[in-house]
Amino acid sequence: ETTTVAIIGAGPAGLTLANLLQRSGIDCVVLEARSRTYVERRQRAGILDNAAGQIFAEYGLADRVLANAPLEQLLEIRYQGEPRFLDVPGLAGGRAGHLVPQQLLVQRLLAAFTEDGGDLRFESLDVTLHDLDSERPWVTYRDAAGSERELRCSYVAGCDGFHGVSRRSIPEAALTTYTFEHGIGWFTVLADAPAPRYPLMGISQHGFAAQFARGPAASRFYLQYRTGVDPRQWPDEYIWQQLRLRLGDDRLPTGPVTERDVVEMRSFVVDPMAYGRLFLVGDAAHIITPMGAKGMNLALADAQVLARAVITAERDGDDADLRAYTDVCLRRTWNYQEFSRWFTEMVHDAGDDSASGPFRRQLAKARLDRLFTSPPAAAAFADLMAGTQFDA
Ligand code: APR
């Protein structure tokens with residue numbers, strides 16, 4: 001069996017790439033290890049930045065993907081309970097993002113791809129990549145019925161996330177990896193508590209906390225915890241008490257907790273993001289902390305760069321964009337990694353409870369205050385939140 005692009009993984013990266021290629025008449029097949037139900041239910045990210053929204057608009061997918069998704073408005077930051085508001089879209093020249101829970105985005109991308117006849121194969125197991133450094137790579141896997149299958153292609157898109165098979169299929173000697181432990185743990189709680197009026201962050205000596213909408217009747221909360229503690233043992237009452245304290249709202253409406261998990265704040269980047277005819281996209285190539293909400297948006301940005309490069313190669317026989325793939329994607333990735341670290345230091349006690357902690361907390365406060373006192377500082381922040389057009 002043959003296709004032009006074999007896409008491994010049906011998360012935000014794989015599904016966006018599949019839709020962009022399909023809309024451009026490039027043949028592709030998506031191989032996803034899990035079931036459709038699993039993929040449609042994974043709730044992780046929640047914000048499509050303005051640059052990501054423009055990708056869907058450029059390919060005529062905005063109405064199907066962004067339909068009635070609320071536009072980003074103000075960001076509320078409470079410092080020791082004192083509320084202050086940032087008009088992020090306004091500061092970015094009107095470039096607003098959309099509040100779209102990841103599972104809704106994935107459902108819509110799945111529907112758009114399959115409704116237009118897209119070939120998406122769930123429960124494809126033991127995906128193995130072959131001859132990646134040749135002109136004709138190929139992929140083997142076991143299909144949902146248990147039969148061994150073979151797929152010949154011109155390109156392989158590794159959209160299989162951090163734990164996928166793609167990055168591991170590249171010889172170690174060909175890769176440089178960068179990792180960074182922020183020394184901060186986040187306890188994340190999904191609850192049927194009414195969404196906040198605006199995305200909300202609380203900064204105080206009690207530690208960072210945040211509340212974001214996940215649909216009108218659900219909220220995702222984050223609470224910073226000291227590494228060494230296991231917050232999954234915290235009783236619900238303690239969680240709500242901590243949230244009221246940190247968000248500075250003793251009337252915070254509560255609701256049943258539906259999910260709780262811990263997130264170790266770590267960052268990862270691999271260089272290059274390509275090997276022969278294999279191109280890594282999204283979490284397969286980089287991991288970023290949730291600060292600044294760039295994880296999903298980086299995945300979509302990579303997918304757009306790869307789609308454009310494959311289209312140019314297939315239509316004009318020009319592989320310049322394919323050869324530039326890593327540089328274009330890593331320029332944005334490193335800028336967003338820097339932004340995410342800058343943001344993390346600003347709203348946490350810089351993750352530092354050592355002797356230099358007090359001094360760094362003062363730096364963090366100065367950094368935060370500048371957003372409300374210096375228009376150029378606020379504009380630079382808003383530009384990164386909207387999604388900087390590095391290669392416009
Ligand atoms: N074979 C086939 N599919 C695989 C394999 C494999 N070996 N390994 C993983 N997958 C699938 C997973 O089941 C998942 O559906 O690949 C998909 C990877 O999706 P994500 O992990 O979401 O990665 P990506 O699409 O890059 O999205 C990255 O979106 O999940 C949010 O904010 C989160 O930063 C993250 C961003």
# chains A, B, ... in the order shown; residues from 1 in each chain; ligands from 1
>>> select_by_dssp(residues="region 64-283 of chain A", states="helix (DSSP H, G or I)", output="number ranges by chain")
A: 64-66, 88-91, 102-115, 167-169, 172-174, 231-233, 236-247, 282-283
>>> closest_atom_pairs(of="region 105-181 of chain A", to="region 262-267 of chain A", cutoff="7 Å", atoms="only C-alpha atoms", output="Markdown table")
| residue | atom | partner | partner_atom | distance |
| --- | --- | --- | --- | --- |
| A:Thr179 | CA | A:Ser267 | CA | 5.6 |
| A:Phe180 | CA | A:Ser267 | CA | 5.0 |
| A:Glu181 | CA | A:Arg266 | CA | 4.5 |
>>> closest_residue(among="A:Met296, A:Leu330, A:Ala210, A:Ala112", to="ligand 1", atoms="only C-alpha atoms and all ligand atoms")
A:Met296
>>> closest_atom_pairs(of="chain A", to="ligand 1", cutoff="6 Å", atoms="only C-alpha atoms and all ligand atoms", output="tab-separated table")
residue	atom	partner	partner_atom_place_in_ligand_line	distance
A:Ile8	CA	ligand 1	2 (C)	5.2
A:Gly9	CA	ligand 1	16 (O)	3.3
A:Ala10	CA	ligand 1	15 (O)	4.7
A:Gly11	CA	ligand 1	25 (O)	3.6
A:Pro12	CA	ligand 1	25 (O)	4.0
A:Ala13	CA	ligand 1	25 (O)	3.7
A:Gly14	CA	ligand 1	25 (O)	5.6
A:Leu31	CA	ligand 1	2 (C)	5.6
A:Glu32	CA	ligand 1	3 (N)	4.0
A:Ala33	CA	ligand 1	2 (C)	3.9
A:Arg34	CA	ligand 1	13 (O)	5.1
A:Val39	CA	ligand 1	15 (O)	5.6
A:Arg44	CA	ligand 1	31 (C)	5.5
A:Ala45	CA	ligand 1	32 (O)	4.4
A:Val127	CA	ligand 1	1 (N)	5.2
A:Cys159	CA	ligand 1	26 (O)	5.5
A:Asp160	CA	ligand 1	16 (O)	3.3
A:Gly161	CA	ligand 1	21 (O)	3.8
A:His163	CA	ligand 1	8 (N)	5.9
A:Gly164	CA	ligand 1	8 (N)	3.6
A:Val165	CA	ligand 1	7 (N)	4.5
A:Gly282	CA	ligand 1	26 (O)	3.5
A:Asp283	CA	ligand 1	26 (O)	3.9
A:Ala284	CA	ligand 1	26 (O)	5.9
A:Gly295	CA	ligand 1	34 (O)	3.5
A:Met296	CA	ligand 1	36 (C)	3.8
A:Ala299	CA	ligand 1	26 (O)	5.1
>>> write_last_selection(atoms="N, CA and C atoms", output="mmCIF file, in the first residue's frame")
data_model
loop_
_atom_site.group_PDB
_atom_site.id
_atom_site.type_symbol
_atom_site.label_atom_id
_atom_site.label_comp_id
_atom_site.auth_asym_id
_atom_site.auth_seq_id
_atom_site.Cartn_x
_atom_site.Cartn_y
_atom_site.Cartn_z
ATOM 1 N N ILE A 8 2.128 9.583 11.930
ATOM 2 C CA ILE A 8 2.045 8.709 13.104
ATOM 3 C C ILE A 8 1.487 9.536 14.270
ATOM 4 N N GLY A 9 0.258 9.219 14.691
ATOM 5 C CA GLY A 9 -0.335 9.932 15.832
ATOM 6 C C GLY A 9 -1.463 10.860 15.402
ATOM 7 N N ALA A 10 -2.583 10.773 16.131
ATOM 8 C CA ALA A 10 -3.777 11.601 15.835
ATOM 9 C C ALA A 10 -4.071 12.527 17.014
ATOM 10 N N GLY A 11 -3.056 13.225 17.484
ATOM 11 C CA GLY A 11 -3.269 14.290 18.479
ATOM 12 C C GLY A 11 -3.392 15.598 17.721
ATOM 13 N N PRO A 12 -3.289 16.742 18.409
ATOM 14 C CA PRO A 12 -3.402 18.029 17.723
ATOM 15 C C PRO A 12 -2.433 18.157 16.550
ATOM 16 N N ALA A 13 -1.184 17.681 16.703
ATOM 17 C CA ALA A 13 -0.195 17.814 15.616
ATOM 18 C C ALA A 13 -0.604 16.984 14.404
ATOM 19 N N GLY A 14 -0.866 15.701 14.634
ATOM 20 C CA GLY A 14 -1.160 14.794 13.523
ATOM 21 C C GLY A 14 -2.443 15.162 12.801
ATOM 22 N N LEU A 31 -1.903 6.938 11.283
ATOM 23 C CA LEU A 31 -1.872 5.715 12.094
ATOM 24 C C LEU A 31 -1.853 6.119 13.566
ATOM 25 N N GLU A 32 -2.923 5.782 14.284
ATOM 26 C CA GLU A 32 -3.061 6.171 15.698
ATOM 27 C C GLU A 32 -3.148 4.895 16.543
ATOM 28 N N ALA A 33 -2.340 4.855 17.608
ATOM 29 C CA ALA A 33 -2.284 3.642 18.442
ATOM 30 C C ALA A 33 -3.584 3.421 19.218
ATOM 31 N N ARG A 34 -4.182 4.506 19.690
ATOM 32 C CA ARG A 34 -5.330 4.341 20.595
ATOM 33 C C ARG A 34 -6.642 4.352 19.817
ATOM 34 N N VAL A 39 -8.897 9.102 22.045
ATOM 35 C CA VAL A 39 -8.323 10.313 21.449
ATOM 36 C C VAL A 39 -9.278 11.494 21.624
ATOM 37 N N ARG A 44 -6.367 18.160 27.634
ATOM 38 C CA ARG A 44 -5.105 18.712 28.146
ATOM 39 C C ARG A 44 -5.112 20.216 27.936
ATOM 40 N N ALA A 45 -4.736 20.688 26.752
ATOM 41 C CA ALA A 45 -4.612 22.149 26.540
ATOM 42 C C ALA A 45 -5.989 22.800 26.427
ATOM 43 N N VAL A 127 3.741 0.273 15.513
ATOM 44 C CA VAL A 127 4.207 1.038 14.336
ATOM 45 C C VAL A 127 5.731 1.022 14.330
ATOM 46 N N CYS A 159 4.154 12.469 14.639
ATOM 47 C CA CYS A 159 3.251 13.303 15.460
ATOM 48 C C CYS A 159 2.792 12.513 16.669
ATOM 49 N N ASP A 160 3.679 11.619 17.155
ATOM 50 C CA ASP A 160 3.277 10.644 18.172
ATOM 51 C C ASP A 160 3.695 11.040 19.583
ATOM 52 N N GLY A 161 3.893 12.322 19.815
ATOM 53 C CA GLY A 161 4.076 12.772 21.191
ATOM 54 C C GLY A 161 5.415 12.388 21.784
ATOM 55 N N HIS A 163 6.330 10.293 24.052
ATOM 56 C CA HIS A 163 6.637 8.867 24.288
ATOM 57 C C HIS A 163 6.459 8.027 23.023
ATOM 58 N N GLY A 164 6.379 8.686 21.875
ATOM 59 C CA GLY A 164 6.105 7.949 20.650
ATOM 60 C C GLY A 164 7.304 7.170 20.136
ATOM 61 N N VAL A 165 7.123 6.552 18.981
ATOM 62 C CA VAL A 165 8.172 5.707 18.378
ATOM 63 C C VAL A 165 9.074 6.523 17.447
ATOM 64 N N GLY A 282 5.512 18.679 16.963
ATOM 65 C CA GLY A 282 4.852 18.813 18.270
ATOM 66 C C GLY A 282 5.631 18.169 19.397
ATOM 67 N N ASP A 283 4.893 17.520 20.330
ATOM 68 C CA ASP A 283 5.530 16.960 21.528
ATOM 69 C C ASP A 283 6.575 15.895 21.210
ATOM 70 N N ALA A 284 6.532 15.332 19.998
ATOM 71 C CA ALA A 284 7.577 14.357 19.625
ATOM 72 C C ALA A 284 8.935 15.036 19.603
ATOM 73 N N GLY A 295 2.101 24.728 24.423
ATOM 74 C CA GLY A 295 2.331 23.335 24.021
ATOM 75 C C GLY A 295 1.574 22.985 22.760
ATOM 76 N N MET A 296 0.266 23.132 22.802
ATOM 77 C CA MET A 296 -0.544 22.752 21.639
ATOM 78 C C MET A 296 -0.263 23.698 20.467
ATOM 79 N N ALA A 299 2.728 22.747 18.531
ATOM 80 C CA ALA A 299 2.452 21.559 17.712
ATOM 81 C C ALA A 299 1.768 21.977 16.412
#
>>> atom_distance(atom1="CA of Ser374 (chain A)", atom2="CA of Gly53 (chain A)")
27.9 Å
>>> closest_residue(among="A:Phe113, A:Tyr225, A:Phe279, A:Trp234", to="Val156 (chain A)", atoms="only C-alpha atoms")
A:Phe279
>>> residues_around(residues="Arg361 (chain A)", least_positions_apart="2", cutoff="12 Å", atoms="only C-alpha atoms", output="CSV table (one decimal) with N, CA, C and O atoms, in the first residue's frame")
chain,number,residue,atom,x,y,z
A,203,ILE,N,-0.9,35.0,42.5
A,203,ILE,CA,0.5,35.0,43.0
A,203,ILE,C,0.5,35.5,44.4
A,203,ILE,O,0.0,36.5,44.8
A,204,SER,N,1.1,34.6,45.3
A,204,SER,CA,1.2,35.0,46.7
A,204,SER,C,2.3,34.2,47.4
A,204,SER,O,2.8,33.2,46.8
A,205,GLN,N,2.5,34.5,48.6
A,205,GLN,CA,3.5,33.7,49.3
A,205,GLN,C,3.0,32.3,49.6
A,205,GLN,O,3.8,31.4,50.0
A,207,GLY,N,2.0,30.4,47.2
A,207,GLY,CA,2.4,29.7,46.0
A,207,GLY,C,1.4,30.0,44.9
A,207,GLY,O,0.3,30.5,45.1
A,344,THR,N,7.2,31.5,33.9
A,344,THR,CA,7.2,30.7,35.1
A,344,THR,C,7.9,31.4,36.2
A,344,THR,O,7.4,31.4,37.4
A,345,GLU,N,9.1,32.0,36.0
A,345,GLU,CA,9.8,32.7,37.0
A,345,GLU,C,8.9,33.9,37.6
A,345,GLU,O,8.9,34.1,38.8
A,346,MET,N,8.2,34.5,36.7
A,346,MET,CA,7.4,35.7,37.1
A,346,MET,C,6.3,35.4,38.1
A,346,MET,O,6.0,36.1,39.0
A,347,VAL,N,5.7,34.2,37.8
A,347,VAL,CA,4.5,34.0,38.6
A,347,VAL,C,4.7,33.0,39.8
A,347,VAL,O,3.8,32.8,40.6
A,348,HIS,N,5.9,32.4,39.8
A,348,HIS,CA,6.2,31.5,40.9
A,348,HIS,C,7.2,32.2,41.7
A,348,HIS,O,7.7,33.3,41.3
A,349,ASP,N,7.6,31.7,42.8
A,349,ASP,CA,8.7,32.4,43.6
A,349,ASP,C,10.0,32.0,42.9
A,349,ASP,O,10.9,31.5,43.5
A,350,ALA,N,9.9,32.1,41.6
A,350,ALA,CA,11.1,31.7,40.7
A,350,ALA,C,11.5,30.3,41.0
A,350,ALA,O,12.7,29.9,40.7
A,351,GLY,N,10.6,29.5,41.6
A,351,GLY,CA,10.9,28.1,41.9
A,351,GLY,C,12.1,28.0,42.8
A,351,GLY,O,12.9,27.1,42.7
A,352,ASP,N,12.3,29.0,43.6
A,352,ASP,CA,13.6,29.1,44.3
A,352,ASP,C,13.3,29.4,45.8
A,352,ASP,O,13.0,30.5,46.1
A,353,ASP,N,13.4,28.4,46.6
A,353,ASP,CA,13.2,28.7,48.1
A,353,ASP,C,14.6,28.6,48.8
A,353,ASP,O,14.7,28.3,49.9
A,354,SER,N,15.6,28.9,48.0
A,354,SER,CA,16.9,28.9,48.6
A,354,SER,C,17.2,30.4,49.2
A,354,SER,O,16.3,31.2,49.1
A,355,ALA,N,18.4,30.6,49.5
A,355,ALA,CA,18.8,31.9,50.1
A,355,ALA,C,18.5,33.0,49.2
A,355,ALA,O,18.1,34.1,49.5
A,356,SER,N,18.6,32.7,47.9
A,356,SER,CA,18.4,33.8,46.9
A,356,SER,C,16.9,34.0,46.6
A,356,SER,O,16.6,34.8,45.8
A,357,GLY,N,16.1,33.2,47.2
A,357,GLY,CA,14.7,33.2,47.0
A,357,GLY,C,14.1,34.6,47.1
A,357,GLY,O,13.5,35.2,46.2
A,358,PRO,N,14.3,35.3,48.3
A,358,PRO,CA,13.7,36.6,48.5
A,358,PRO,C,14.1,37.6,47.4
A,358,PRO,O,13.2,38.4,46.9
A,359,PHE,N,15.4,37.6,47.0
A,359,PHE,CA,15.8,38.6,46.0
A,359,PHE,C,15.1,38.2,44.7
A,359,PHE,O,14.6,39.1,44.0
A,363,LEU,N,12.6,40.4,42.0
A,363,LEU,CA,12.8,40.5,40.5
A,363,LEU,C,11.5,40.1,39.8
A,363,LEU,O,11.0,40.8,38.9
A,364,ALA,N,10.9,39.0,40.3
A,364,ALA,CA,9.6,38.5,39.7
A,364,ALA,C,8.5,39.6,39.8
A,364,ALA,O,7.8,39.8,38.9
A,365,LYS,N,8.5,40.2,41.0
A,365,LYS,CA,7.4,41.3,41.2
A,365,LYS,C,7.7,42.4,40.2
A,365,LYS,O,6.8,43.0,39.6
A,366,ALA,N,8.9,42.8,40.1
A,366,ALA,CA,9.3,43.9,39.2
A,366,ALA,C,8.9,43.6,37.8
A,366,ALA,O,8.3,44.4,37.0
A,367,ARG,N,9.1,42.3,37.4
A,367,ARG,CA,8.8,41.9,36.0
A,367,ARG,C,7.3,41.9,35.8
A,367,ARG,O,6.8,42.4,34.8
A,368,LEU,N,6.5,41.5,36.8
A,368,LEU,CA,5.1,41.5,36.7
A,368,LEU,C,4.6,43.0,36.6
A,368,LEU,O,3.8,43.3,35.8
>>> residues_around(residues="Cys329 (chain A)", least_positions_apart="4", cutoff="8 Å", atoms="only C-alpha atoms", output="PyMOL selection string")
chain A and resi 301-302+305+325+333
>>> write_last_selection(atoms="C-alpha atoms", output="compact mmCIF listing (two decimals), in the first residue's frame")
# COMPACT_ATOMS: atom_id res chain seq x y z
CA ALA A 301 2.79 25.76 14.18
CA ASP A 302 5.14 22.85 13.37
CA VAL A 305 5.49 24.53 8.49
CA TYR A 325 12.02 22.75 8.53
CA THR A 333 10.41 26.72 19.80
